[in-house]
Amino acid sequence: MADRHPTLKQTFADRARTAAHPLTRYLFRLMDLKASNLCLSADVTTARELLTLADKVGPSIVVLKTHYDLISGWDYNPQTGTGAKLAALARKHGFLIFEDRKFVDIGKTVQMQYTAGTARIIEWAHITNANIDAGKDMVRALAEAATKWKERIHYEVKTSVTVGTPVSDRFDDSDAQEQAQTRQRDDVDGRKGSIVSITTVTQSFEPADSPRLTKSHHDQGDDAVFPGIEEAPMDRGLLLLAQMSSKGCLMTREYTQACVEAAREHKGFVMGYVSQEALNSAPDDTFIHMTPGCKLPPPGEEENGQVEGDGLGQQYNTPSRLITICGTDIIIVGRGIIEAADPPSEAERYRRRGWKAYLGRLA
Ligand code: BMP
């Protein structure tokens, strides 16, 4: 861990003022507002379970992490499907959606996987992540795809097919040349042109988290917006998978360092890391860290006790260790919450422990 980096002693409210990425600034504000540094890894198997869990646990979390490809019955409709419904729940409860897609491929392929295909991840997930084993150009590729997407969602494609004399107030400056040509033709003919046809094709692209989309979920009561903060900005963010929690992970120090360099090169898109420790080391590093492999011993037992792995390579640390010693900002918890008898109250237990550890770190 980058010992004594100033961000380790800063409040989330302070970091909300200094973080480079707009979505990170928003997330820190959300954390401060909800007194939560908890991300739920919603690794359930059906869309129905996912939406129910998100609704029930939503009040305790600031990030909901998905693996859309392990969900059966995922509805791909961009307006009314599972992504749009999750986006509505995210607005209602005040959390961001993080699709744990771990992109790793050449730039062109990851662009397509991110923005197109069946899932259109960029439409509903505020955050996604990448393994940069393929080289850091793919981070630039994803950043460019996100920029294009953001431009496109406010963009209206207008195709105007005109013959004759256009009515001037229907056209903007870009049509001035065409109008001039029409006037020239009028002069040559010595007679007035007439409008034969004006066809305007308007295609609107609506973001999945547009307030207007919530209208389709009125029947579910999910059109509310979490009080105390505005809706999340339209920016999309990337986390770099810099270190993993699994036993025998092959990510070397050099690989992790390459992630740090790629993050610094793309501050406008990279929010931070999925890592096992804080990686901010340069004075102006303002990245956020999210850490999986987190579990509490059962209620009543010592929090700092050892928690066994899952027998399939997953290793666990307690919230206290990850936040206080390793310096992470957000703990990612899956089975620790999902498999509890009462997931919402177990999520609250994790939220309280996580927040206490954060306050302890500040002190
Ligand atoms: P659980 O808390 O149930 O072990 O789940 C951890 C979640 O975090 C899983 O979704 C897994 O894919 C993810 N994850 C991880 O466990 N370790 C990593 O290093 C990176 C991950 O994304």
# chains A, B, ... in the order shown; residues from 1 in each chain; ligands from 1
$ closest_atom_pairs --of "chain A" --to "ligand 1" --cutoff "9 Å" --atoms "only C-alpha atoms and all ligand atoms" --output "CSV"
residue,atom,partner,partner_atom_place_in_ligand_line,distance
A:Leu40,CA,ligand 1,2 (O),8.3
A:Ser41,CA,ligand 1,10 (O),5.4
A:Ala42,CA,ligand 1,10 (O),7.3
A:Asp43,CA,ligand 1,10 (O),5.9
A:Lys65,CA,ligand 1,10 (O),7.4
A:Thr66,CA,ligand 1,10 (O),7.3
A:His67,CA,ligand 1,10 (O),6.8
A:Asp100,CA,ligand 1,22 (O),5.9
A:Arg101,CA,ligand 1,22 (O),8.3
A:Lys102,CA,ligand 1,22 (O),7.5
A:Asn129,CA,ligand 1,22 (O),8.6
A:Leu241,CA,ligand 1,20 (C),7.1
A:Ala242,CA,ligand 1,19 (O),8.5
A:Gln243,CA,ligand 1,19 (O),6.1
A:Met244,CA,ligand 1,19 (O),3.0
A:Ser245,CA,ligand 1,19 (O),4.0
A:Ser246,CA,ligand 1,19 (O),6.0
A:Cys249,CA,ligand 1,19 (O),8.5
A:Val274,CA,ligand 1,20 (C),6.7
A:Ser275,CA,ligand 1,19 (O),6.8
A:Gln276,CA,ligand 1,19 (O),7.6
A:Thr291,CA,ligand 1,19 (O),7.3
A:Pro292,CA,ligand 1,8 (O),4.8
A:Gly293,CA,ligand 1,16 (O),5.1
A:Cys294,CA,ligand 1,2 (O),5.8
A:Lys295,CA,ligand 1,2 (O),6.8
A:Gly309,CA,ligand 1,4 (O),8.4
A:Asp310,CA,ligand 1,4 (O),7.4
A:Gln314,CA,ligand 1,4 (O),6.1
A:Gln315,CA,ligand 1,4 (O),7.7
A:Tyr316,CA,ligand 1,4 (O),7.5
A:Ile332,CA,ligand 1,8 (O),6.5
A:Val333,CA,ligand 1,2 (O),4.2
A:Gly334,CA,ligand 1,2 (O),3.4
A:Arg335,CA,ligand 1,3 (O),3.7
A:Gly336,CA,ligand 1,2 (O),5.9
A:Ile337,CA,ligand 1,2 (O),8.0
A:Ile338,CA,ligand 1,3 (O),7.9
A:Glu339,CA,ligand 1,3 (O),8.7
$ residues_around --residues "Ile61 in chain A" --least-positions-apart "6" --cutoff "8 Å" --atoms "only C-alpha atoms" --output "number ranges by chain"
A: 34, 36-40, 95, 347, 351
$ write_last_selection --atoms "all heavy atoms" --output "PDB file, in the first residue's frame"
ATOM      1  N   LYS A  34     -24.860   8.683   2.451  1.00  0.00           N
ATOM      2  CA  LYS A  34     -25.478   7.449   2.939  1.00  0.00           C
ATOM      3  C   LYS A  34     -24.672   6.782   4.050  1.00  0.00           C
ATOM      4  O   LYS A  34     -25.076   5.733   4.555  1.00  0.00           O
ATOM      5  CB  LYS A  34     -25.648   6.453   1.782  1.00  0.00           C
ATOM      6  CG  LYS A  34     -26.644   6.918   0.721  1.00  0.00           C
ATOM      7  CD  LYS A  34     -26.816   5.904  -0.399  1.00  0.00           C
ATOM      8  CE  LYS A  34     -27.730   4.756  -0.056  1.00  0.00           C
ATOM      9  NZ  LYS A  34     -28.025   3.879  -1.192  1.00  0.00           N
ATOM     10  N   SER A  36     -22.033   5.111   3.785  1.00  0.00           N
ATOM     11  CA  SER A  36     -21.835   3.746   3.296  1.00  0.00           C
ATOM     12  C   SER A  36     -20.620   3.671   2.381  1.00  0.00           C
ATOM     13  O   SER A  36     -20.436   4.529   1.510  1.00  0.00           O
ATOM     14  CB  SER A  36     -23.083   3.277   2.537  1.00  0.00           C
ATOM     15  OG  SER A  36     -22.840   2.028   1.920  1.00  0.00           O
ATOM     16  N   ASN A  37     -19.814   2.661   2.588  1.00  0.00           N
ATOM     17  CA  ASN A  37     -18.727   2.356   1.647  1.00  0.00           C
ATOM     18  C   ASN A  37     -18.844   0.891   1.236  1.00  0.00           C
ATOM     19  O   ASN A  37     -17.853   0.181   1.122  1.00  0.00           O
ATOM     20  CB  ASN A  37     -17.340   2.674   2.233  1.00  0.00           C
ATOM     21  CG  ASN A  37     -17.160   2.146   3.646  1.00  0.00           C
ATOM     22  OD1 ASN A  37     -18.063   1.528   4.218  1.00  0.00           O
ATOM     23  ND2 ASN A  37     -15.988   2.374   4.210  1.00  0.00           N
ATOM     24  N   LEU A  38     -20.108   0.512   1.005  1.00  0.00           N
ATOM     25  CA  LEU A  38     -20.418  -0.882   0.691  1.00  0.00           C
ATOM     26  C   LEU A  38     -20.922  -1.052  -0.742  1.00  0.00           C
ATOM     27  O   LEU A  38     -21.812  -0.327  -1.195  1.00  0.00           O
ATOM     28  CB  LEU A  38     -21.494  -1.391   1.670  1.00  0.00           C
ATOM     29  CG  LEU A  38     -22.023  -2.806   1.447  1.00  0.00           C
ATOM     30  CD1 LEU A  38     -20.915  -3.853   1.595  1.00  0.00           C
ATOM     31  CD2 LEU A  38     -23.167  -3.120   2.422  1.00  0.00           C
ATOM     32  N   CYS A  39     -20.330  -2.029  -1.417  1.00  0.00           N
ATOM     33  CA  CYS A  39     -20.801  -2.446  -2.736  1.00  0.00           C
ATOM     34  C   CYS A  39     -21.322  -3.870  -2.600  1.00  0.00           C
ATOM     35  O   CYS A  39     -20.626  -4.750  -2.087  1.00  0.00           O
ATOM     36  CB  CYS A  39     -19.645  -2.398  -3.737  1.00  0.00           C
ATOM     37  SG  CYS A  39     -19.966  -3.277  -5.288  1.00  0.00           S
ATOM     38  N   LEU A  40     -22.534  -4.086  -3.075  1.00  0.00           N
ATOM     39  CA  LEU A  40     -23.063  -5.451  -3.085  1.00  0.00           C
ATOM     40  C   LEU A  40     -22.721  -6.100  -4.417  1.00  0.00           C
ATOM     41  O   LEU A  40     -23.010  -5.541  -5.481  1.00  0.00           O
ATOM     42  CB  LEU A  40     -24.595  -5.435  -2.914  1.00  0.00           C
ATOM     43  CG  LEU A  40     -25.264  -6.801  -3.100  1.00  0.00           C
ATOM     44  CD1 LEU A  40     -24.949  -7.725  -1.927  1.00  0.00           C
ATOM     45  CD2 LEU A  40     -26.776  -6.662  -3.270  1.00  0.00           C
ATOM     46  N   PHE A  95     -27.590   4.539  -5.714  1.00  0.00           N
ATOM     47  CA  PHE A  95     -26.355   3.759  -5.884  1.00  0.00           C
ATOM     48  C   PHE A  95     -25.959   3.770  -7.355  1.00  0.00           C
ATOM     49  O   PHE A  95     -26.767   4.108  -8.218  1.00  0.00           O
ATOM     50  CB  PHE A  95     -26.488   2.324  -5.337  1.00  0.00           C
ATOM     51  CG  PHE A  95     -27.551   1.456  -5.970  1.00  0.00           C
ATOM     52  CD1 PHE A  95     -27.370   0.890  -7.221  1.00  0.00           C
ATOM     53  CD2 PHE A  95     -28.742   1.181  -5.290  1.00  0.00           C
ATOM     54  CE1 PHE A  95     -28.353   0.076  -7.793  1.00  0.00           C
ATOM     55  CE2 PHE A  95     -29.729   0.374  -5.848  1.00  0.00           C
ATOM     56  CZ  PHE A  95     -29.527  -0.180  -7.106  1.00  0.00           C
ATOM     57  N   ALA A 347     -26.602  -6.771   5.127  1.00  0.00           N
ATOM     58  CA  ALA A 347     -25.975  -5.647   4.406  1.00  0.00           C
ATOM     59  C   ALA A 347     -25.770  -4.476   5.359  1.00  0.00           C
ATOM     60  O   ALA A 347     -24.721  -3.807   5.325  1.00  0.00           O
ATOM     61  CB  ALA A 347     -26.846  -5.232   3.219  1.00  0.00           C
ATOM     62  N   ARG A 351     -22.427  -2.581   6.237  1.00  0.00           N
ATOM     63  CA  ARG A 351     -22.329  -1.124   6.078  1.00  0.00           C
ATOM     64  C   ARG A 351     -21.782  -0.493   7.355  1.00  0.00           C
ATOM     65  O   ARG A 351     -20.869   0.336   7.319  1.00  0.00           O
ATOM     66  CB  ARG A 351     -23.691  -0.517   5.723  1.00  0.00           C
ATOM     67  CG  ARG A 351     -23.626   0.988   5.417  1.00  0.00           C
ATOM     68  CD  ARG A 351     -24.990   1.652   5.443  1.00  0.00           C
ATOM     69  NE  ARG A 351     -25.624   1.587   6.757  1.00  0.00           N
ATOM     70  CZ  ARG A 351     -25.298   2.344   7.794  1.00  0.00           C
ATOM     71  NH1 ARG A 351     -24.340   3.254   7.694  1.00  0.00           N
ATOM     72  NH2 ARG A 351     -25.918   2.198   8.954  1.00  0.00           N
TER      73      ARG A 351
END
$ closest_atom_pairs --of "range 36-102 of chain A" --to "range 119-126 of chain A" --cutoff "8 Å" --atoms "only C-alpha atoms" --output "Markdown table"
| residue | atom | partner | partner_atom | distance |
| --- | --- | --- | --- | --- |
| A:Tyr68 | CA | A:Ala119 | CA | 8.0 |
| A:Tyr76 | CA | A:Ala119 | CA | 5.9 |
| A:Pro78 | CA | A:Glu123 | CA | 7.5 |
| A:Gly83 | CA | A:Trp124 | CA | 5.2 |
| A:Ala84 | CA | A:Trp124 | CA | 6.2 |
| A:Leu86 | CA | A:Trp124 | CA | 7.6 |
| A:Ala87 | CA | A:Trp124 | CA | 6.1 |
| A:Leu96 | CA | A:His126 | CA | 6.1 |
| A:Ile97 | CA | A:Ala125 | CA | 5.0 |
| A:Phe98 | CA | A:Ala125 | CA | 5.6 |
| A:Glu99 | CA | A:Ala125 | CA | 5.9 |
$ write_last_selection --atoms "C-alpha atoms" --output "mmCIF file, in the first residue's frame"
data_model
loop_
_atom_site.group_PDB
_atom_site.id
_atom_site.type_symbol
_atom_site.label_atom_id
_atom_site.label_comp_id
_atom_site.auth_asym_id
_atom_site.auth_seq_id
_atom_site.Cartn_x
_atom_site.Cartn_y
_atom_site.Cartn_z
ATOM 1 C CA TYR A 68 -25.047 -9.683 -16.298
ATOM 2 C CA TYR A 76 -32.227 -6.805 -23.136
ATOM 3 C CA PRO A 78 -32.932 -0.869 -23.575
ATOM 4 C CA GLY A 83 -30.690 -2.761 -17.281
ATOM 5 C CA ALA A 84 -33.276 0.016 -17.386
ATOM 6 C CA LEU A 86 -31.758 -1.558 -12.434
ATOM 7 C CA ALA A 87 -31.068 2.044 -13.460
ATOM 8 C CA LEU A 96 -24.232 3.320 -8.987
ATOM 9 C CA ILE A 97 -24.255 0.206 -11.148
ATOM 10 C CA PHE A 98 -20.931 -1.492 -11.795
ATOM 11 C CA GLU A 99 -20.897 -4.246 -14.414
#
$ closest_residue --among "A:Leu238, A:Met251, A:Ala54, A:Leu33" --to "Asp133 in chain A" --atoms "only C-alpha atoms"
A:Met251
$ closest_residue --among "A:Gln257, A:Gln79, A:Thr7, A:Thr52" --to "Ile132 in chain A" --atoms "only C-alpha atoms"
A:Gln257
$ atom_distance --atom1 "CA of Thr328 in chain A" --atom2 "CA of Phe287 in chain A"
10.6 Å
$ select_by_dssp --residues "range 72-160 of chain A" --states "alpha helix (DSSP H)" --output "number ranges by chain"
A: 82-93, 107-115, 121-124, 137-153
$ closest_residue --among "A:Arg253, A:Arg353, A:His289, A:Arg91" --to "Arg321 in chain A" --atoms "only C-alpha atoms"
A:Arg353
$ select_by_dssp --residues "range 242-308 of chain A" --states "strand (DSSP E)" --output "mmCIF file with N, CA, C and O atoms, in the first residue's frame"
data_model
loop_
_atom_site.group_PDB
_atom_site.id
_atom_site.type_symbol
_atom_site.label_atom_id
_atom_site.label_comp_id
_atom_site.auth_asym_id
_atom_site.auth_seq_id
_atom_site.Cartn_x
_atom_site.Cartn_y
_atom_site.Cartn_z
ATOM 1 N N VAL A 270 -10.860 6.817 -16.236
ATOM 2 C CA VAL A 270 -10.560 5.815 -15.196
ATOM 3 C C VAL A 270 -10.845 6.423 -13.821
ATOM 4 O O VAL A 270 -10.249 7.416 -13.419
ATOM 5 N N MET A 271 -11.776 5.792 -13.110
ATOM 6 C CA MET A 271 -12.124 6.277 -11.762
ATOM 7 C C MET A 271 -11.138 5.766 -10.724
ATOM 8 O O MET A 271 -10.923 6.396 -9.700
ATOM 9 N N GLY A 272 -10.610 4.577 -10.965
ATOM 10 C CA GLY A 272 -9.709 3.984 -9.981
ATOM 11 C C GLY A 272 -9.520 2.515 -10.244
ATOM 12 O O GLY A 272 -9.468 2.088 -11.406
ATOM 13 N N TYR A 273 -9.475 1.742 -9.172
ATOM 14 C CA TYR A 273 -9.047 0.355 -9.292
ATOM 15 C C TYR A 273 -9.954 -0.626 -8.556
ATOM 16 O O TYR A 273 -10.551 -0.285 -7.532
ATOM 17 N N VAL A 274 -9.967 -1.847 -9.062
ATOM 18 C CA VAL A 274 -10.353 -2.990 -8.244
ATOM 19 C C VAL A 274 -9.009 -3.569 -7.810
ATOM 20 O O VAL A 274 -8.205 -3.996 -8.651
ATOM 21 N N ILE A 288 -10.166 6.062 -6.757
ATOM 22 C CA ILE A 288 -10.949 5.336 -5.760
ATOM 23 C C ILE A 288 -10.588 3.841 -5.870
ATOM 24 O O ILE A 288 -10.233 3.355 -6.950
ATOM 25 N N HIS A 289 -10.681 3.131 -4.744
ATOM 26 C CA HIS A 289 -10.347 1.705 -4.721
ATOM 27 C C HIS A 289 -11.557 0.902 -4.256
ATOM 28 O O HIS A 289 -12.192 1.266 -3.268
ATOM 29 N N MET A 290 -11.837 -0.165 -4.968
ATOM 30 C CA MET A 290 -12.907 -1.078 -4.546
ATOM 31 C C MET A 290 -12.284 -2.466 -4.394
ATOM 32 O O MET A 290 -11.496 -2.891 -5.247
ATOM 33 N N THR A 291 -12.658 -3.140 -3.323
ATOM 34 C CA THR A 291 -11.978 -4.401 -3.010
ATOM 35 C C THR A 291 -12.928 -5.557 -2.730
ATOM 36 O O THR A 291 -13.702 -5.521 -1.757
#
$ atom_distance --atom1 "CA of Pro59 in chain A" --atom2 "CA of Glu301 in chain A"
25.2 Å
